[in-house]
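Colleague: What follows is model_32.cif, made up of mmCIF, C-alpha atoms:
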data_protein
#
loop_
_atom_site.group_PDB
_atom_site.id
_atom_site.type_symbol
_atom_site.label_atom_id
_atom_site.label_comp_id
_atom_site.auth_asym_id
_atom_site.auth_seq_id
_atom_site.Cartn_x
_atom_site.Cartn_y
_atom_site.Cartn_z
ATOM 1 C CA MET A 1 0.738 -10.483 6.430
ATOM 2 C CA LEU A 2 -0.680 -9.598 3.027
ATOM 3 C CA LEU A 3 1.548 -8.476 0.163
ATOM 4 C CA VAL A 4 -0.141 -6.111 -2.279
ATOM 5 C CA ILE A 5 1.550 -5.460 -5.637
ATOM 6 C CA ASP A 6 0.331 -2.747 -7.991
ATOM 7 C CA THR A 7 2.226 -2.480 -11.284
ATOM 8 C CA GLY A 8 1.777 0.708 -13.280
ATOM 9 C CA ASN A 9 3.422 1.755 -16.507
ATOM 10 C CA THR A 10 6.125 3.704 -14.660
ATOM 11 C CA ASN A 11 6.438 2.283 -11.134
ATOM 12 C CA THR A 12 5.504 -0.875 -9.243
ATOM 13 C CA LEU A 13 4.272 -0.528 -5.674
ATOM 14 C CA PHE A 14 4.787 -3.238 -3.037
ATOM 15 C CA ALA A 15 2.820 -2.790 0.198
ATOM 16 C CA ILE A 16 2.453 -4.912 3.321
ATOM 17 C CA HIS A 17 -0.729 -5.062 5.403
ATOM 18 C CA ASP A 18 -0.203 -6.607 8.833
ATOM 19 C CA GLY A 19 -3.874 -7.295 9.532
ATOM 20 C CA SER A 20 -4.630 -3.955 11.120
ATOM 21 C CA ASP A 21 -2.764 -1.330 9.082
ATOM 22 C CA TRP A 22 -0.225 -0.761 6.329
ATOM 23 C CA ALA A 23 3.178 -1.708 7.710
ATOM 24 C CA GLY A 24 5.227 -0.453 4.770
ATOM 25 C CA GLN A 25 5.199 0.648 1.140
ATOM 26 C CA TRP A 26 8.039 0.532 -1.416
ATOM 27 C CA ARG A 27 8.343 1.451 -5.098
ATOM 28 C CA ILE A 28 10.545 0.130 -7.882
ATOM 29 C CA ALA A 29 10.728 1.135 -11.551
ATOM 30 C CA THR A 30 8.493 -1.093 -13.657
ATOM 31 C CA ASP A 31 10.608 -3.416 -15.805
ATOM 32 C CA PRO A 32 8.890 -6.447 -17.391
ATOM 33 C CA ALA A 33 12.285 -8.145 -17.737
ATOM 34 C CA ARG A 34 13.000 -8.060 -13.995
ATOM 35 C CA THR A 35 13.063 -11.662 -12.765
ATOM 36 C CA ALA A 36 11.363 -13.199 -9.740
ATOM 37 C CA ASP A 37 14.793 -13.709 -8.164
ATOM 38 C CA GLU A 38 15.681 -10.039 -8.591
ATOM 39 C CA TYR A 39 12.378 -8.969 -7.024
ATOM 40 C CA ALA A 40 12.960 -11.381 -4.129
ATOM 41 C CA VAL A 41 16.455 -10.072 -3.293
ATOM 42 C CA TRP A 42 15.322 -6.437 -3.480
ATOM 43 C CA PHE A 43 12.164 -6.991 -1.440
ATOM 44 C CA TYR A 44 13.786 -9.230 1.170
ATOM 45 C CA GLN A 45 16.345 -6.525 1.946
ATOM 46 C CA LEU A 46 13.672 -3.822 2.272
ATOM 47 C CA LEU A 47 11.570 -5.970 4.592
ATOM 48 C CA ASP A 48 14.631 -6.701 6.702
ATOM 49 C CA MET A 49 15.379 -2.976 6.985
ATOM 50 C CA ALA A 50 11.766 -2.419 8.116
ATOM 51 C CA LYS A 51 12.049 -5.229 10.714
ATOM 52 C CA LEU A 52 9.413 -7.280 8.882
ATOM 53 C CA ASP A 53 9.646 -11.020 8.325
ATOM 54 C CA PHE A 54 9.603 -12.221 4.716
ATOM 55 C CA ALA A 55 8.410 -15.649 5.886
ATOM 56 C CA SER A 56 5.333 -14.112 7.564
ATOM 57 C CA ILE A 57 3.735 -13.168 4.240
ATOM 58 C CA SER A 58 0.731 -15.469 3.925
ATOM 59 C CA GLY A 59 -1.199 -13.865 1.060
ATOM 60 C CA CYS A 60 -0.555 -11.907 -2.134
ATOM 61 C CA VAL A 61 -2.766 -9.931 -4.501
ATOM 62 C CA ILE A 62 -1.430 -8.507 -7.784
ATOM 63 C CA SER A 63 -2.817 -5.862 -10.131
ATOM 64 C CA THR A 64 -0.918 -4.881 -13.271
ATOM 65 C CA VAL A 65 -1.469 -2.803 -16.387
ATOM 66 C CA VAL A 66 1.750 -4.272 -17.837
ATOM 67 C CA PRO A 67 0.839 -7.872 -18.776
ATOM 68 C CA GLN A 68 4.474 -8.789 -19.530
ATOM 69 C CA SER A 69 5.366 -8.277 -15.861
ATOM 70 C CA LEU A 70 2.814 -10.748 -14.516
ATOM 71 C CA PHE A 71 4.840 -13.916 -15.181
ATOM 72 C CA ASN A 72 7.746 -12.834 -12.976
ATOM 73 C CA LEU A 73 5.531 -11.375 -10.242
ATOM 74 C CA ARG A 74 3.497 -14.569 -10.088
ATOM 75 C CA ASN A 75 6.724 -16.562 -9.839
ATOM 76 C CA LEU A 76 7.891 -14.298 -7.022
ATOM 77 C CA ALA A 77 4.867 -15.334 -4.958
ATOM 78 C CA ARG A 78 4.963 -18.980 -5.956
ATOM 79 C CA ARG A 79 8.676 -19.725 -5.721
ATOM 80 C CA HIS A 80 9.848 -17.424 -2.948
ATOM 81 C CA MET A 81 6.760 -17.243 -0.726
ATOM 82 C CA ASN A 82 5.033 -20.525 -1.535
ATOM 83 C CA ILE A 83 1.814 -18.578 -2.184
ATOM 84 C CA GLU A 84 -0.651 -18.731 -5.069
ATOM 85 C CA PRO A 85 -1.337 -15.034 -5.714
ATOM 86 C CA LEU A 86 -4.760 -13.568 -6.417
ATOM 87 C CA ILE A 87 -4.599 -11.814 -9.811
ATOM 88 C CA VAL A 88 -6.967 -8.911 -10.392
ATOM 89 C CA GLY A 89 -8.788 -9.304 -13.698
ATOM 90 C CA GLU A 90 -8.558 -13.085 -13.932
ATOM 91 C CA PRO A 91 -11.806 -15.082 -14.308
ATOM 92 C CA GLY A 92 -13.635 -15.683 -11.058
ATOM 93 C CA VAL A 93 -12.066 -12.776 -9.168
ATOM 94 C CA ASP A 94 -14.777 -10.511 -7.729
ATOM 95 C CA LEU A 95 -13.744 -6.860 -7.978
ATOM 96 C CA GLY A 96 -16.682 -5.551 -5.962
ATOM 97 C CA VAL A 97 -17.622 -3.029 -8.667
ATOM 98 C CA LYS A 98 -20.010 -3.520 -11.585
ATOM 99 C CA VAL A 99 -19.359 -1.872 -14.942
ATOM 100 C CA ARG A 100 -22.335 -0.024 -16.376
ATOM 101 C CA LEU A 101 -20.955 0.311 -19.919
ATOM 102 C CA PRO A 102 -21.604 -1.380 -23.305
ATOM 103 C CA ASN A 103 -18.118 -2.971 -23.375
ATOM 104 C CA PRO A 104 -17.115 -3.645 -19.751
ATOM 105 C CA GLU A 105 -14.073 -5.680 -20.792
ATOM 106 C CA GLN A 106 -12.434 -2.475 -22.043
ATOM 107 C CA VAL A 107 -12.216 -0.974 -18.549
ATOM 108 C CA GLY A 108 -8.791 -1.490 -17.008
ATOM 109 C CA ALA A 109 -8.772 -3.508 -13.790
ATOM 110 C CA ASP A 110 -6.692 -0.764 -12.131
ATOM 111 C CA ARG A 111 -9.553 1.710 -12.554
ATOM 112 C CA LEU A 112 -12.004 -0.720 -10.965
ATOM 113 C CA VAL A 113 -9.598 -1.280 -8.074
ATOM 114 C CA ASN A 114 -9.515 2.488 -7.486
ATOM 115 C CA ALA A 115 -13.301 2.592 -7.692
ATOM 116 C CA LEU A 116 -13.629 0.018 -4.932
ATOM 117 C CA GLY A 117 -10.944 1.673 -2.801
ATOM 118 C CA ALA A 118 -12.861 4.943 -2.974
ATOM 119 C CA ALA A 119 -16.330 3.429 -2.533
ATOM 120 C CA VAL A 120 -15.431 1.905 0.846
ATOM 121 C CA GLU A 121 -14.089 5.235 2.133
ATOM 122 C CA TYR A 122 -16.262 8.012 0.685
ATOM 123 C CA ASP A 123 -20.005 8.628 0.406
ATOM 124 C CA GLY A 124 -22.064 9.528 -2.614
ATOM 125 C CA PRO A 125 -21.291 9.393 -6.317
ATOM 126 C CA LEU A 126 -17.593 9.879 -6.940
ATOM 127 C CA ILE A 127 -15.225 11.458 -9.440
ATOM 128 C CA LEU A 128 -11.824 9.783 -9.115
ATOM 129 C CA ILE A 129 -8.794 11.551 -10.594
ATOM 130 C CA ASP A 130 -5.700 9.365 -10.924
ATOM 131 C CA SER A 131 -2.580 11.220 -12.068
ATOM 132 C CA GLY A 132 -0.075 8.737 -13.427
ATOM 133 C CA THR A 133 1.289 7.985 -16.876
ATOM 134 C CA ALA A 134 -2.208 8.947 -17.981
ATOM 135 C CA THR A 135 -4.602 11.176 -16.067
ATOM 136 C CA THR A 136 -7.934 9.414 -15.678
ATOM 137 C CA PHE A 137 -11.279 10.728 -14.471
ATOM 138 C CA ASP A 138 -13.659 7.946 -13.419
ATOM 139 C CA ILE A 139 -17.305 8.143 -12.394
ATOM 140 C CA VAL A 140 -18.532 5.752 -9.702
ATOM 141 C CA SER A 141 -22.163 5.688 -8.564
ATOM 142 C CA GLU A 142 -23.432 5.368 -5.001
ATOM 143 C CA ASP A 143 -24.236 1.697 -5.634
ATOM 144 C CA ARG A 144 -20.640 0.954 -6.779
ATOM 145 C CA HIS A 145 -21.186 0.983 -10.523
ATOM 146 C CA PHE A 146 -18.413 2.225 -12.797
ATOM 147 C CA GLU A 147 -20.171 4.574 -15.214
ATOM 148 C CA GLY A 148 -17.402 5.777 -17.508
ATOM 149 C CA GLY A 149 -14.743 8.421 -17.512
ATOM 150 C CA ILE A 150 -12.074 10.409 -19.284
ATOM 151 C CA ILE A 151 -8.479 9.547 -20.214
ATOM 152 C CA ALA A 152 -5.985 12.382 -20.798
ATOM 153 C CA PRO A 153 -2.192 12.380 -21.197
ATOM 154 C CA GLY A 154 -0.323 12.397 -17.912
ATOM 155 C CA ILE A 155 1.711 15.384 -16.835
ATOM 156 C CA ASN A 156 5.036 13.547 -17.254
ATOM 157 C CA LEU A 157 4.126 12.613 -20.826
ATOM 158 C CA SER A 158 3.402 16.259 -21.576
ATOM 159 C CA MET A 159 6.714 17.381 -20.103
ATOM 160 C CA ARG A 160 8.592 14.722 -22.058
ATOM 161 C CA ALA A 161 6.849 15.747 -25.257
ATOM 162 C CA LEU A 162 7.854 19.394 -24.748
ATOM 163 C CA HIS A 163 11.483 18.440 -24.171
ATOM 164 C CA GLU A 164 11.744 15.931 -27.010
ATOM 165 C CA ALA A 165 9.833 17.891 -29.639
ATOM 166 C CA ALA A 166 11.394 21.301 -29.008
ATOM 167 C CA ALA A 167 15.193 21.359 -29.191
ATOM 168 C CA GLN A 168 15.650 24.385 -26.936
ATOM 169 C CA LEU A 169 13.275 23.359 -24.148
ATOM 170 C CA PRO A 170 15.002 21.613 -21.208
ATOM 171 C CA ARG A 171 13.751 18.892 -18.882
ATOM 172 C CA ILE A 172 12.155 20.478 -15.822
ATOM 173 C CA GLU A 173 10.877 19.377 -12.436
ATOM 174 C CA ILE A 174 7.176 19.522 -11.666
ATOM 175 C CA LYS A 175 6.539 22.270 -9.096
ATOM 176 C CA ARG A 176 4.081 25.018 -8.349
ATOM 177 C CA PRO A 177 5.590 28.270 -9.635
ATOM 178 C CA ASP A 178 5.349 31.466 -7.598
ATOM 179 C CA ARG A 179 3.767 33.344 -10.498
ATOM 180 C CA VAL A 180 1.577 32.303 -13.405
ATOM 181 C CA ILE A 181 3.529 34.458 -15.854
ATOM 182 C CA GLY A 182 7.013 32.987 -16.230
ATOM 183 C CA LYS A 183 10.052 35.273 -16.450
ATOM 184 C CA ASP A 184 12.347 32.680 -18.045
ATOM 185 C CA THR A 185 12.047 29.444 -20.010
ATOM 186 C CA VAL A 186 11.993 27.108 -17.010
ATOM 187 C CA SER A 187 9.431 29.099 -15.002
ATOM 188 C CA ALA A 188 7.290 29.526 -18.116
ATOM 189 C CA MET A 189 7.303 25.767 -18.728
ATOM 190 C CA GLN A 190 6.586 25.007 -15.080
ATOM 191 C CA SER A 191 3.663 27.407 -15.109
ATOM 192 C CA GLY A 192 2.269 25.929 -18.313
ATOM 193 C CA VAL A 193 2.551 22.382 -17.024
ATOM 194 C CA PHE A 194 1.321 23.012 -13.465
ATOM 195 C CA TRP A 195 -1.459 25.517 -14.076
ATOM 196 C CA GLY A 196 -2.322 23.857 -17.361
ATOM 197 C CA TYR A 197 -3.094 20.644 -15.483
ATOM 198 C CA ILE A 198 -5.001 22.500 -12.797
ATOM 199 C CA GLY A 199 -7.092 23.960 -15.620
ATOM 200 C CA LEU A 200 -7.511 20.501 -17.140
ATOM 201 C CA ILE A 201 -8.621 18.976 -13.825
ATOM 202 C CA ASP A 202 -10.954 21.752 -12.707
ATOM 203 C CA GLY A 203 -12.344 22.316 -16.198
ATOM 204 C CA LEU A 204 -13.181 18.646 -16.753
ATOM 205 C CA VAL A 205 -14.679 18.207 -13.271
ATOM 206 C CA ARG A 206 -16.917 21.231 -13.813
ATOM 207 C CA GLN A 207 -17.930 19.944 -17.236
ATOM 208 C CA ILE A 208 -18.813 16.570 -15.711
ATOM 209 C CA CYS A 209 -20.924 18.310 -13.080
ATOM 210 C CA ARG A 210 -22.726 20.376 -15.735
ATOM 211 C CA GLU A 211 -23.456 17.244 -17.747
ATOM 212 C CA ASP A 212 -24.439 15.158 -14.722
ATOM 213 C CA GLU A 213 -26.042 17.178 -11.933
ATOM 214 C CA ARG A 214 -25.387 14.780 -9.075
ATOM 215 C CA ASP A 215 -23.513 15.996 -5.991
ATOM 216 C CA PHE A 216 -20.121 14.345 -6.555
ATOM 217 C CA THR A 217 -17.308 13.788 -4.092
ATOM 218 C CA VAL A 218 -14.017 14.424 -5.916
ATOM 219 C CA VAL A 219 -10.997 12.356 -4.912
ATOM 220 C CA GLY A 220 -7.458 12.644 -6.275
ATOM 221 C CA THR A 221 -4.814 9.917 -6.162
ATOM 222 C CA GLY A 222 -1.497 9.082 -7.820
ATOM 223 C CA GLY A 223 1.919 10.528 -7.061
ATOM 224 C CA VAL A 224 1.478 13.732 -9.050
ATOM 225 C CA ALA A 225 -1.995 14.458 -7.689
ATOM 226 C CA SER A 226 -0.505 15.433 -4.321
ATOM 227 C CA LEU A 227 0.944 18.540 -6.013
ATOM 228 C CA PHE A 228 -2.470 19.558 -7.320
ATOM 229 C CA ALA A 229 -4.548 18.930 -4.204
ATOM 230 C CA GLY A 230 -3.924 22.340 -2.642
ATOM 231 C CA ALA A 231 -4.204 24.294 -5.895
ATOM 232 C CA SER A 232 -7.220 22.603 -7.473
ATOM 233 C CA GLU A 233 -10.593 24.132 -6.634
ATOM 234 C CA THR A 234 -12.444 20.887 -7.262
ATOM 235 C CA ILE A 235 -10.375 18.100 -5.625
ATOM 236 C CA GLU A 236 -11.829 17.602 -2.143
ATOM 237 C CA HIS A 237 -9.647 14.732 -0.948
ATOM 238 C CA TYR A 238 -6.174 13.484 -1.812
ATOM 239 C CA ASP A 239 -5.870 9.773 -1.035
ATOM 240 C CA ALA A 240 -2.495 8.120 -1.637
ATOM 241 C CA ASP A 241 -3.796 4.711 -0.477
ATOM 242 C CA LEU A 242 -6.781 4.463 -2.819
ATOM 243 C CA THR A 243 -5.361 1.650 -4.965
ATOM 244 C CA ILE A 244 -3.876 -0.486 -2.209
ATOM 245 C CA ARG A 245 -7.070 -0.100 -0.158
ATOM 246 C CA GLY A 246 -9.013 -1.400 -3.141
ATOM 247 C CA LEU A 247 -6.657 -4.354 -3.535
ATOM 248 C CA HIS A 248 -6.956 -5.149 0.166
ATOM 249 C CA GLU A 249 -10.765 -5.125 -0.134
ATOM 250 C CA ILE A 250 -10.606 -7.414 -3.166
ATOM 251 C CA TRP A 251 -8.395 -9.816 -1.232
ATOM 252 C CA LYS A 252 -10.832 -9.860 1.707
ATOM 253 C CA MET A 253 -13.868 -10.419 -0.531
ATOM 254 C CA ASN A 254 -12.310 -13.248 -2.504
ATOM 255 C CA SER A 255 -10.697 -14.861 0.539
ATOM 256 C CA ASP A 256 -14.100 -14.960 2.240
ATOM 257 C CA GLU A 257 -15.653 -16.539 -0.849
ATOM 258 C CA LYS A 258 -12.941 -19.240 -0.908
ATOM 259 C CA GLN A 259 -13.529 -20.009 2.754
ATOM 260 C CA ASP A 260 -17.305 -20.248 2.179
#
Could you express the structure from this file as structure tokens?
Modeller:
Amino acid sequence: MLLVIDTGNTNTLFAIHDGSDWAGQWRIATDPARTADEYAVWFYQLLDMAKLDFASISGCVISTVVPQSLFNLRNLARRHMNIEPLIVGEPGVDLGVKVRLPNPEQVGADRLVNALGAAVEYDGPLILIDSGTATTFDIVSEDRHFEGGIIAPGINLSMRALHEAAAQLPRIEIKRPDRVIGKDTVSAMQSGVFWGYIGLIDGLVRQICREDERDFTVVGTGGVASLFAGASETIEHYDADLTIRGLHEIWKMNSDEKQD
């Protein structure tokens, strides 16, 4: 079995691929101070609950945008699984996507992982919208070249900013309101956040299409994007497995190269 670990700024995703399909996915709050032993106890219990064997894990691939977390995740694989993990972004690791930009080293490995995960599933040039701590819009060509993108604040950051900067505005849940015009503070905030981000997504996608006249396929991913998929006029596909599919492809490519 292959263990895939994707560490974001907010959550870390652990997923198991059994050789034919994804056997399970689990999330834990990202904490760079969490030790390899703590990860091992937590993950062992979850695997046991899912009737999966910890000892059957034979490979591990890790992607992280939180460099401080890598030491403990690497130790998790080495000490508790006796595996040398494949680290996305390290020298010699083929990501399957070329960067067509003046400074390719500035592109986060997580965005390239998403690009590959989308390229193996969807045809044509792509616009990838990843709604996480930040909301990113990435352009991927038909020949798997990363061509640039847009980075905007994530919806949770915007909600936190409203609550922390305005004394009388409460914390709210993200949900689609029944009406655009709110009748109280909470519904007004929910409308501003939800429909504001729909406007951000659809407006930026349309601007991209005006600037670049190719026929794009638009794919949304990230936990929050599932809320927008039915309301957005421009998102054609919501794909929760985009990142882990990309990591699985990277593992297969680099494993094949090692065997050759």
Colleague: Applying 8 Å and all atoms listed in the file, which residues near A:Leu76 remain after dropping the ones on its own chain fewer than 3 positions away? List them as a PyMOL selection string.
Modeller: chain A and resi 36-37+39-40+72-73+79-81
Colleague: Please dump the current selection as a short mmCIF file (atom, residue, chain, number, x, y, z; two decimals), in the coordinates of the input; keep C-alpha atoms.
Modeller:
data_model
loop_
_atom_site.label_atom_id
_atom_site.label_comp_id
_atom_site.auth_asym_id
_atom_site.auth_seq_id
_atom_site.Cartn_x
_atom_site.Cartn_y
_atom_site.Cartn_z
CA ALA A 36 11.36 -13.20 -9.74
CA ASP A 37 14.79 -13.71 -8.16
CA TYR A 39 12.38 -8.97 -7.02
CA ALA A 40 12.96 -11.38 -4.13
CA ASN A 72 7.75 -12.83 -12.98
CA LEU A 73 5.53 -11.38 -10.24
CA ARG A 79 8.68 -19.73 -5.72
CA HIS A 80 9.85 -17.42 -2.95
CA MET A 81 6.76 -17.24 -0.73
#
Colleague: Just the number, please: distance in Å from atom CA of A:Ile5 to atom CA of A:Arg74, one decimal.
Modeller: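 Calculated distance between atom CA of A:Ile5 and atom CA of A:Arg74 is 10.3 Å.
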Colleague: Could you give me, as a PyMOL selection string, the residues within 10 Å of stretch 43-59 of chain A, counting all atoms listed in the file and dropping anything in the same chain fewer than 2 positions from it?
Modeller: chain A and resi 1-4+14+16-18+23-28+37-41+61+77+80-86+251+255
Colleague: Determine the nearest neighbour of A:Phe228 from the options A:Asp94, A:Asp130, A:Asp215, A:Asp110, counting all atoms listed in the file.
Modeller: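 The shortest atom-to-atom distance to A:Phe228 comes from A:Asp130.
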Colleague: If we count only C-alpha atoms, what is near stretch 179-184 of chain A at a cut-off of 12 Å, once residues fewer than 5 positions away on the same chain are taken out, given as an NGL selection string?
Modeller: :A and (169-170 or 189-196 or 198)
Colleague: Nearest to A:Phe146 among A:Leu101, A:Asn75, A:Gly203, A:Val65, with distances taken over only C-alpha atoms: which residue is it?
Modeller: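 Among the listed residues, the smallest separation from A:Phe146 belongs to A:Leu101.
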Colleague: Compare A:Ala240, A:Ile172, A:Leu204, A:Met159 by their minimum atom-to-atom distance to A:Leu227, counting only C-alpha atoms, and give me the closest one.
Modeller: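 Under the stated criterion, the closest residue is A:Ala240.
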Colleague: Could you list, as a compact mmCIF listing (two decimals) with C-alpha atoms, keeping the file's coordinate frame, every residue matched by the PyMOL selection byres ((chain A and resi 67) around 12) in this structure?
Modeller:
# COMPACT_ATOMS: atom_id res chain seq x y z
CA ASP A 6 0.33 -2.75 -7.99
CA THR A 7 2.23 -2.48 -11.28
CA GLY A 8 1.78 0.71 -13.28
CA ASN A 9 3.42 1.76 -16.51
CA THR A 30 8.49 -1.09 -13.66
CA ASP A 31 10.61 -3.42 -15.80
CA PRO A 32 8.89 -6.45 -17.39
CA ALA A 33 12.28 -8.14 -17.74
CA ILE A 62 -1.43 -8.51 -7.78
CA SER A 63 -2.82 -5.86 -10.13
CA THR A 64 -0.92 -4.88 -13.27
CA VAL A 65 -1.47 -2.80 -16.39
CA VAL A 66 1.75 -4.27 -17.84
CA GLN A 68 4.47 -8.79 -19.53
CA SER A 69 5.37 -8.28 -15.86
CA LEU A 70 2.81 -10.75 -14.52
CA PHE A 71 4.84 -13.92 -15.18
CA ASN A 72 7.75 -12.83 -12.98
CA LEU A 73 5.53 -11.38 -10.24
CA ARG A 74 3.50 -14.57 -10.09
CA ILE A 87 -4.60 -11.81 -9.81
CA VAL A 88 -6.97 -8.91 -10.39
CA GLY A 89 -8.79 -9.30 -13.70
CA GLU A 90 -8.56 -13.08 -13.93
CA GLY A 108 -8.79 -1.49 -17.01
CA ALA A 109 -8.77 -3.51 -13.79
Colleague: Of the candidates A:Tyr238, A:Trp22, A:Tyr122, A:Tyr197, which one gets nearest to A:Ala152 if we count all atoms listed in the file?
Modeller: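 Of A:Tyr238, A:Trp22, A:Tyr122, A:Tyr197, the one nearest A:Ala152, counting all atoms listed in the file, is A:Tyr197.
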Colleague: List the neighbours of stretch 132-137 of chain A out to 6 Å using only C-alpha atoms; skip same-chain residues closer than 4 positions along the sequence, and give me the result as an mmCIF file with C-alpha atoms, keeping the file's coordinate frame.
Modeller:
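Below you can see result25.cif, which holds the result:
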data_model
loop_
_atom_site.group_PDB
_atom_site.id
_atom_site.type_symbol
_atom_site.label_atom_id
_atom_site.label_comp_id
_atom_site.auth_asym_id
_atom_site.auth_seq_id
_atom_site.Cartn_x
_atom_site.Cartn_y
_atom_site.Cartn_z
ATOM 1 C CA LEU A 128 -11.824 9.783 -9.115
ATOM 2 C CA GLY A 149 -14.743 8.421 -17.512
ATOM 3 C CA ILE A 150 -12.074 10.409 -19.284
ATOM 4 C CA ILE A 151 -8.479 9.547 -20.214
ATOM 5 C CA ALA A 152 -5.985 12.382 -20.798
ATOM 6 C CA PRO A 153 -2.192 12.380 -21.197
ATOM 7 C CA GLY A 154 -0.323 12.397 -17.912
ATOM 8 C CA GLY A 222 -1.497 9.082 -7.820
#
Colleague: Between atom CA of A:Ile127 and atom CA of A:Glu249, what distance in Å does the model show, to one decimal?
Modeller: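 Value for the atom CA of A:Ile127-atom CA of A:Glu249 distance: 19.5 Å.
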Colleague: Nearest to A:Leu126: which of A:Val107, A:Ala225, A:Ala166, A:Ile208 is it, counting only C-alpha atoms?
Modeller: A:Ile208
Colleague: Pick from A:Ala161, A:Ile129, A:Ile174, A:Leu95: nearest to A:Val113, with all atoms listed in the file counted?
Modeller: A:Leu95
Colleague: Between atom CA of A:Asp212 and atom CA of A:Pro125, measure the distance and give it in Å to one decimal.
Modeller: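 Atom CA of A:Pro125 lies 10.7 Å from atom CA of A:Asp212.
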Colleague: Edge lengths and centre in Å to one decimal, as lines of an AutoDock Vina configuration file, of the axis-aligned box that encloses all listed atoms of stretch 61-77 of chain A with 6 Å added on every side?
Modeller:
center_x = 2.5
center_y = -9.7
center_z = -12.0
size_x = 22.7
size_y = 25.8
size_z = 27.0
Colleague: Once N, CA and C atoms are restored for stretch 181-194 of chain A, what would the output be as an mmCIF file, in the coordinates of the input?
Modeller:
data_model
loop_
_atom_site.group_PDB
_atom_site.id
_atom_site.type_symbol
_atom_site.label_atom_id
_atom_site.label_comp_id
_atom_site.auth_asym_id
_atom_site.auth_seq_id
_atom_site.Cartn_x
_atom_site.Cartn_y
_atom_site.Cartn_z
ATOM 1 N N ILE A 181 2.761 33.978 -14.713
ATOM 2 C CA ILE A 181 3.529 34.458 -15.854
ATOM 3 C C ILE A 181 5.018 34.203 -15.603
ATOM 4 N N GLY A 182 5.607 33.312 -16.398
ATOM 5 C CA GLY A 182 7.013 32.987 -16.230
ATOM 6 C C GLY A 182 7.926 34.083 -16.738
ATOM 7 N N LYS A 183 9.078 34.247 -16.069
ATOM 8 C CA LYS A 183 10.052 35.273 -16.450
ATOM 9 C C LYS A 183 11.264 34.675 -17.162
ATOM 10 N N ASP A 184 11.303 33.347 -17.296
ATOM 11 C CA ASP A 184 12.347 32.680 -18.045
ATOM 12 C C ASP A 184 11.762 31.380 -18.579
ATOM 13 N N THR A 185 12.576 30.638 -19.353
ATOM 14 C CA THR A 185 12.047 29.444 -20.010
ATOM 15 C C THR A 185 11.557 28.407 -19.011
ATOM 16 N N VAL A 186 12.364 28.145 -17.974
ATOM 17 C CA VAL A 186 11.993 27.108 -17.010
ATOM 18 C C VAL A 186 10.711 27.472 -16.270
ATOM 19 N N SER A 187 10.631 28.700 -15.751
ATOM 20 C CA SER A 187 9.431 29.099 -15.002
ATOM 21 C C SER A 187 8.207 29.161 -15.918
ATOM 22 N N ALA A 188 8.403 29.507 -17.175
ATOM 23 C CA ALA A 188 7.290 29.526 -18.116
ATOM 24 C C ALA A 188 6.782 28.112 -18.390
ATOM 25 N N MET A 189 7.712 27.157 -18.531
ATOM 26 C CA MET A 189 7.303 25.767 -18.728
ATOM 27 C C MET A 189 6.621 25.200 -17.483
ATOM 28 N N GLN A 190 7.188 25.505 -16.313
ATOM 29 C CA GLN A 190 6.586 25.007 -15.080
ATOM 30 C C GLN A 190 5.178 25.555 -14.888
ATOM 31 N N SER A 191 4.986 26.823 -15.227
ATOM 32 C CA SER A 191 3.663 27.407 -15.109
ATOM 33 C C SER A 191 2.683 26.756 -16.083
ATOM 34 N N GLY A 192 3.148 26.544 -17.313
ATOM 35 C CA GLY A 192 2.269 25.929 -18.313
ATOM 36 C C GLY A 192 1.866 24.522 -17.926
ATOM 37 N N VAL A 193 2.843 23.761 -17.413
ATOM 38 C CA VAL A 193 2.551 22.382 -17.024
ATOM 39 C C VAL A 193 1.664 22.351 -15.784
ATOM 40 N N PHE A 194 2.065 23.080 -14.727
ATOM 41 C CA PHE A 194 1.321 23.012 -13.465
ATOM 42 C C PHE A 194 -0.076 23.610 -13.606
#
